[in-house]
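K.L.:
Input: one structure, supplied below.
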Amino acid sequence: MKKKIRQLLKRVPGVKAVYLLACHLMLDRWRMREMFAYDRARFLKFSPHSRETKAGALASIVMTYHIVEKGLTMPDMRLGFGREMLLGLVAALNDFADRYGTDEAQFRAAVAVVAEYRKVHADAGFALDEERVRAIDSLLARVPVEPSRQIEMTRERYFADLDAPFETFSASRHSVRHFAGTVSLEQIRAAVALANNAPSACNRQYVRVHCVSDHEKIRECLALQNGNRGFGHLADKLLILTADLRAVWGTERNDLFTNAGIYLMNLCYALHKNRVAHCMLNWSVPPKTDRALRRLLNTPPDFCIAV
């Protein structure tokens, strides 16, 4: 009986097309659930949140030493900053050395940051507490390295290679945390126009650049991001990249962020070419924070905030 009903329905004009569309949509939804379940399982199993692997332990060290290193670059560095962070980093480095040795480049870079931390405070005549002194001295006796060096240069030197061959131009671009002066909208527009030559999947160009100029709104936006403390208040403009969810289908779930990353790097070169110093900030936040920024910017629900 059911078979006869299906055969009769197929003869009705338009029913077959609706039936096939419904089947296609159901299949798409099933595939999406399968893909996100696959991603979730692999992320939970292999993410750096698992400290029991060498790669995970090293990633944790890199994250921590970056925080300490960033503290050393602040415009108004607070001497003695990051006591618990520094002690935690030294403990993690000793644990890593016990388990995996001391030859990894990122491990040695982290030790060099610890050495720089000591040197900066010694040069400033600031006495660290005994616990930090003992921890640092013990680590550096075990792994003797030269202190890392914070790059310092004038505005003129920073922009001196804008017309140099690409190898030199690319090497001259660095993230900056010491901002001064203003950036014109003309500079931003010129940089975005240049960045628009970035490739994208099927040439869909679904990344959008939002420029926040109001300083109070910049402050509110940056309050939702945890990596700009100590220098974000100096920024004259804030650029936020979004990507259109409507432009990706099915298995293309990762394309939004892949293409946003390609565009972001092109934008960084374009900003440098237009004499705009800048610093990239991540947007790795829980849903509550993402929704808060969306409300501030009035972001359409079909656009993802990429960075």
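Residues are referred to by chain and number: the chain letter is A, B, ... according to the order shown in the structure tokens, the number counts from 1 in that chain, and ligands are numbered separately from 1 in the order shown.
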Considering only C-alpha atoms, return as a PDB file with all heavy atoms, in the first residue's frame whatever protein or nucleic-acid residues lie within 7 Å of stretch 272-276 of chain A, sequence-local ones (same chain, fewer than 2 positions apart) excluded.
P.N.:
ATOM      1  N   PHE A 159      59.370  51.659   9.331  1.00  0.00           N
ATOM      2  CA  PHE A 159      58.764  51.803   8.008  1.00  0.00           C
ATOM      3  C   PHE A 159      59.798  52.029   6.903  1.00  0.00           C
ATOM      4  O   PHE A 159      59.448  52.417   5.792  1.00  0.00           O
ATOM      5  CB  PHE A 159      57.766  52.960   8.004  1.00  0.00           C
ATOM      6  CG  PHE A 159      56.542  52.713   8.848  1.00  0.00           C
ATOM      7  CD1 PHE A 159      56.208  53.561   9.896  1.00  0.00           C
ATOM      8  CD2 PHE A 159      55.711  51.624   8.603  1.00  0.00           C
ATOM      9  CE1 PHE A 159      55.078  53.335  10.669  1.00  0.00           C
ATOM     10  CE2 PHE A 159      54.585  51.388   9.368  1.00  0.00           C
ATOM     11  CZ  PHE A 159      54.259  52.243  10.407  1.00  0.00           C
ATOM     12  N   LEU A 162      59.536  49.735   3.221  1.00  0.00           N
ATOM     13  CA  LEU A 162      58.242  49.543   2.569  1.00  0.00           C
ATOM     14  C   LEU A 162      58.378  49.304   1.071  1.00  0.00           C
ATOM     15  O   LEU A 162      57.520  48.645   0.455  1.00  0.00           O
ATOM     16  CB  LEU A 162      57.334  50.756   2.819  1.00  0.00           C
ATOM     17  CG  LEU A 162      56.980  51.055   4.284  1.00  0.00           C
ATOM     18  CD1 LEU A 162      55.929  52.149   4.359  1.00  0.00           C
ATOM     19  CD2 LEU A 162      56.495  49.791   5.003  1.00  0.00           C
ATOM     20  N   ARG A 173      58.010  43.569   8.861  1.00  0.00           N
ATOM     21  CA  ARG A 173      56.722  43.698   9.550  1.00  0.00           C
ATOM     22  C   ARG A 173      56.754  42.926  10.861  1.00  0.00           C
ATOM     23  O   ARG A 173      57.060  41.740  10.895  1.00  0.00           O
ATOM     24  CB  ARG A 173      55.598  43.153   8.667  1.00  0.00           C
ATOM     25  CG  ARG A 173      54.189  43.536   9.160  1.00  0.00           C
ATOM     26  CD  ARG A 173      53.185  42.459   8.892  1.00  0.00           C
ATOM     27  NE  ARG A 173      53.407  41.278   9.695  1.00  0.00           N
ATOM     28  CZ  ARG A 173      53.017  41.131  10.957  1.00  0.00           C
ATOM     29  NH1 ARG A 173      52.357  42.101  11.576  1.00  0.00           N
ATOM     30  NH2 ARG A 173      53.278  40.014  11.619  1.00  0.00           N
ATOM     31  N   VAL A 183      45.440  57.123  13.088  1.00  0.00           N
ATOM     32  CA  VAL A 183      45.415  56.454  11.783  1.00  0.00           C
ATOM     33  C   VAL A 183      44.206  56.987  11.033  1.00  0.00           C
ATOM     34  O   VAL A 183      43.091  56.998  11.569  1.00  0.00           O
ATOM     35  CB  VAL A 183      45.313  54.926  11.942  1.00  0.00           C
ATOM     36  CG1 VAL A 183      45.201  54.259  10.576  1.00  0.00           C
ATOM     37  CG2 VAL A 183      46.505  54.378  12.706  1.00  0.00           C
ATOM     38  N   GLN A 187      43.951  55.680   5.180  1.00  0.00           N
ATOM     39  CA  GLN A 187      44.965  54.625   5.295  1.00  0.00           C
ATOM     40  C   GLN A 187      44.312  53.251   5.416  1.00  0.00           C
ATOM     41  O   GLN A 187      44.773  52.281   4.816  1.00  0.00           O
ATOM     42  CB  GLN A 187      45.855  54.877   6.524  1.00  0.00           C
ATOM     43  CG  GLN A 187      46.852  56.013   6.366  1.00  0.00           C
ATOM     44  CD  GLN A 187      47.571  56.293   7.672  1.00  0.00           C
ATOM     45  OE1 GLN A 187      46.994  56.887   8.588  1.00  0.00           O
ATOM     46  NE2 GLN A 187      48.815  55.861   7.770  1.00  0.00           N
ATOM     47  N   ALA A 191      44.509  50.178   2.697  1.00  0.00           N
ATOM     48  CA  ALA A 191      45.014  48.864   3.100  1.00  0.00           C
ATOM     49  C   ALA A 191      44.007  47.766   2.771  1.00  0.00           C
ATOM     50  O   ALA A 191      44.375  46.699   2.262  1.00  0.00           O
ATOM     51  CB  ALA A 191      45.332  48.863   4.593  1.00  0.00           C
ATOM     52  N   CYS A 268      47.583  42.416   6.989  1.00  0.00           N
ATOM     53  CA  CYS A 268      48.732  42.875   7.791  1.00  0.00           C
ATOM     54  C   CYS A 268      49.810  43.472   6.895  1.00  0.00           C
ATOM     55  O   CYS A 268      50.377  44.530   7.215  1.00  0.00           O
ATOM     56  CB  CYS A 268      49.291  41.713   8.607  1.00  0.00           C
ATOM     57  SG  CYS A 268      48.260  41.251  10.009  1.00  0.00           S
ATOM     58  N   TYR A 269      50.110  42.813   5.795  1.00  0.00           N
ATOM     59  CA  TYR A 269      51.096  43.371   4.857  1.00  0.00           C
ATOM     60  C   TYR A 269      50.598  44.696   4.282  1.00  0.00           C
ATOM     61  O   TYR A 269      51.364  45.651   4.123  1.00  0.00           O
ATOM     62  CB  TYR A 269      51.363  42.384   3.720  1.00  0.00           C
ATOM     63  CG  TYR A 269      52.240  41.221   4.101  1.00  0.00           C
ATOM     64  CD1 TYR A 269      51.905  39.923   3.718  1.00  0.00           C
ATOM     65  CD2 TYR A 269      53.408  41.408   4.831  1.00  0.00           C
ATOM     66  CE1 TYR A 269      52.717  38.846   4.057  1.00  0.00           C
ATOM     67  CE2 TYR A 269      54.219  40.331   5.181  1.00  0.00           C
ATOM     68  CZ  TYR A 269      53.869  39.055   4.785  1.00  0.00           C
ATOM     69  OH  TYR A 269      54.674  37.998   5.130  1.00  0.00           O
ATOM     70  N   ALA A 270      49.298  44.743   3.976  1.00  0.00           N
ATOM     71  CA  ALA A 270      48.733  45.963   3.400  1.00  0.00           C
ATOM     72  C   ALA A 270      48.753  47.114   4.396  1.00  0.00           C
ATOM     73  O   ALA A 270      49.012  48.266   4.035  1.00  0.00           O
ATOM     74  CB  ALA A 270      47.301  45.697   2.913  1.00  0.00           C
ATOM     75  N   HIS A 278      50.442  47.632  13.803  1.00  0.00           N
ATOM     76  CA  HIS A 278      49.287  46.866  14.254  1.00  0.00           C
ATOM     77  C   HIS A 278      49.723  45.644  15.048  1.00  0.00           C
ATOM     78  O   HIS A 278      50.893  45.240  15.024  1.00  0.00           O
ATOM     79  CB  HIS A 278      48.451  46.415  13.051  1.00  0.00           C
ATOM     80  CG  HIS A 278      49.267  45.704  12.006  1.00  0.00           C
ATOM     81  ND1 HIS A 278      50.007  46.391  11.057  1.00  0.00           N
ATOM     82  CD2 HIS A 278      49.502  44.399  11.784  1.00  0.00           C
ATOM     83  CE1 HIS A 278      50.653  45.518  10.292  1.00  0.00           C
ATOM     84  NE2 HIS A 278      50.373  44.310  10.723  1.00  0.00           N
TER      85      HIS A 278
END
K.L.:
What separation in Å, quoted to one decimal, exists between atom CA of A:Ala243 and atom CA of A:Leu281?
P.N.:
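That distance, rounded to one decimal, is 16.4 Å.
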K.L.:
Mind checking which residues fall within 8 Å of A:Ser47, counting only C-alpha atoms, ignoring those fewer than 4 positions away in the same chain, and posting them as a CSV table (one decimal) with all heavy atoms, in the first residue's frame?
P.N.:
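Printed below is part.csv as written:
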chain,number,residue,atom,x,y,z
A,42,ARG,N,38.1,14.3,17.9
A,42,ARG,CA,39.5,14.4,17.7
A,42,ARG,C,40.1,15.6,18.5
A,42,ARG,O,41.2,15.5,19.0
A,42,ARG,CB,39.8,14.6,16.2
A,42,ARG,CG,39.5,13.4,15.3
A,42,ARG,CD,39.8,13.6,13.8
A,42,ARG,NE,41.2,13.9,13.6
A,42,ARG,CZ,41.7,15.1,13.3
A,42,ARG,NH1,40.9,16.1,13.2
A,42,ARG,NH2,43.0,15.2,13.1
A,43,PHE,N,39.3,16.7,18.6
A,43,PHE,CA,39.8,17.8,19.4
A,43,PHE,C,40.0,17.4,20.8
A,43,PHE,O,41.0,17.7,21.5
A,43,PHE,CB,38.8,19.0,19.2
A,43,PHE,CG,39.3,20.2,20.0
A,43,PHE,CD1,40.1,21.1,19.4
A,43,PHE,CD2,38.9,20.5,21.2
A,43,PHE,CE1,40.6,22.2,20.0
A,43,PHE,CE2,39.3,21.6,21.9
A,43,PHE,CZ,40.2,22.5,21.3
A,56,GLY,N,51.5,18.6,23.5
A,56,GLY,CA,50.6,19.3,24.4
A,56,GLY,C,51.4,20.1,25.5
A,56,GLY,O,51.1,21.2,25.7
K.L.:
Which of stretch 32-189 of chain A end up as alpha helix (DSSP H) when DSSP is run on this backbone - answer as a ChimeraX atom specification?
P.N.:
/A:32-46,54-72,83-100,105-123,130-142,155-158,166-172,185-189
K.L.:
My list of candidates is A:Phe81, A:Tyr100, A:Trp249, A:Tyr263. Which is closest to A:Leu25 when distances are computed with only C-alpha atoms?
P.N.:
A:Trp249
K.L.:
Counting only C-alpha atoms, which residue out of A:Met35, A:Ala115, A:Met85, A:Leu239 sits closest to A:Thr251?
P.N.:
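The answer is A:Met35, which sits nearest to A:Thr251.
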K.L.:
Within 10 Å of stretch 217-220 of chain A, counting only C-alpha atoms, which residues show up once you throw out same-chain ones fewer than 6 positions away? Write them as a ChimeraX atom specification, please.
P.N.:
/A:211,232-239,292-293,296-297
K.L.:
Write the selection just made, keeping all heavy atoms, as a compact mmCIF listing (two decimals), in the first residue's frame?
P.N.:
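Result file part.txt:
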# COMPACT_ATOMS: atom_id res chain seq x y z
N CYS A 211 35.71 48.51 10.76
CA CYS A 211 36.61 49.45 11.41
C CYS A 211 35.86 50.20 12.51
O CYS A 211 34.85 50.85 12.24
CB CYS A 211 37.17 50.44 10.38
SG CYS A 211 38.27 51.68 11.10
N GLY A 232 46.22 47.93 24.64
CA GLY A 232 45.04 48.12 23.80
C GLY A 232 44.47 49.53 23.86
O GLY A 232 43.94 50.04 22.87
N HIS A 233 44.60 50.16 25.02
CA HIS A 233 44.04 51.51 25.19
C HIS A 233 44.76 52.55 24.33
O HIS A 233 44.27 53.66 24.15
CB HIS A 233 44.13 51.92 26.66
CG HIS A 233 45.53 52.02 27.17
ND1 HIS A 233 46.32 50.92 27.45
CD2 HIS A 233 46.31 53.11 27.45
CE1 HIS A 233 47.50 51.31 27.88
NE2 HIS A 233 47.53 52.64 27.88
N LEU A 234 45.91 52.18 23.77
CA LEU A 234 46.67 53.12 22.93
C LEU A 234 46.23 53.08 21.47
O LEU A 234 46.63 53.94 20.68
CB LEU A 234 48.17 52.79 23.01
CG LEU A 234 48.81 52.85 24.41
CD1 LEU A 234 50.25 52.38 24.35
CD2 LEU A 234 48.72 54.26 24.98
N ALA A 235 45.43 52.09 21.10
CA ALA A 235 45.05 51.92 19.69
C ALA A 235 44.06 53.00 19.26
O ALA A 235 43.10 53.29 19.96
CB ALA A 235 44.43 50.54 19.48
N ASP A 236 44.30 53.55 18.08
CA ASP A 236 43.43 54.59 17.54
C ASP A 236 42.26 54.01 16.75
O ASP A 236 41.20 54.61 16.66
CB ASP A 236 44.23 55.53 16.64
CG ASP A 236 43.39 56.66 16.08
OD1 ASP A 236 42.82 57.43 16.88
OD2 ASP A 236 43.29 56.77 14.83
N LYS A 237 42.47 52.85 16.15
CA LYS A 237 41.43 52.16 15.39
C LYS A 237 41.45 50.69 15.75
O LYS A 237 42.48 50.13 16.14
CB LYS A 237 41.67 52.31 13.87
CG LYS A 237 41.66 53.73 13.34
CD LYS A 237 40.26 54.30 13.27
CE LYS A 237 40.22 55.65 12.54
NZ LYS A 237 40.98 56.71 13.23
N LEU A 238 40.29 50.05 15.61
CA LEU A 238 40.17 48.61 15.85
C LEU A 238 39.53 47.97 14.62
O LEU A 238 38.45 48.39 14.19
CB LEU A 238 39.32 48.33 17.09
CG LEU A 238 39.02 46.86 17.41
CD1 LEU A 238 40.30 46.12 17.77
CD2 LEU A 238 38.01 46.75 18.54
N LEU A 239 40.20 46.97 14.04
CA LEU A 239 39.67 46.27 12.88
C LEU A 239 39.22 44.88 13.30
O LEU A 239 39.95 44.16 14.00
CB LEU A 239 40.73 46.15 11.77
CG LEU A 239 41.30 47.46 11.24
CD1 LEU A 239 42.27 47.18 10.10
CD2 LEU A 239 40.20 48.40 10.79
N ALA A 292 28.17 39.04 23.20
CA ALA A 292 28.33 40.41 23.71
C ALA A 292 28.96 41.31 22.65
O ALA A 292 28.54 42.46 22.46
CB ALA A 292 29.18 40.40 24.98
N LEU A 293 29.98 40.82 21.96
CA LEU A 293 30.60 41.62 20.90
C LEU A 293 29.64 41.82 19.74
O LEU A 293 29.60 42.90 19.13
CB LEU A 293 31.89 40.96 20.42
CG LEU A 293 32.70 41.76 19.39
CD1 LEU A 293 33.11 43.13 19.95
CD2 LEU A 293 33.94 41.00 18.93
N LEU A 296 27.43 44.66 20.56
CA LEU A 296 28.14 45.93 20.45
C LEU A 296 28.26 46.39 19.00
O LEU A 296 28.12 47.57 18.69
CB LEU A 296 29.54 45.80 21.05
CG LEU A 296 29.73 46.12 22.53
CD1 LEU A 296 31.15 45.82 22.96
CD2 LEU A 296 29.38 47.58 22.82
N LEU A 297 28.55 45.44 18.11
CA LEU A 297 28.81 45.78 16.70
C LEU A 297 27.58 45.63 15.82
O LEU A 297 27.63 45.96 14.64
CB LEU A 297 29.92 44.87 16.15
CG LEU A 297 31.28 44.95 16.88
CD1 LEU A 297 32.24 43.93 16.27
CD2 LEU A 297 31.86 46.35 16.78
K.L.:
What does the distance from atom CA of A:Ala122 to atom CA of A:Ala91 come to in Å, to one decimal?
P.N.:
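Distance between the two atoms: 21.5 Å.
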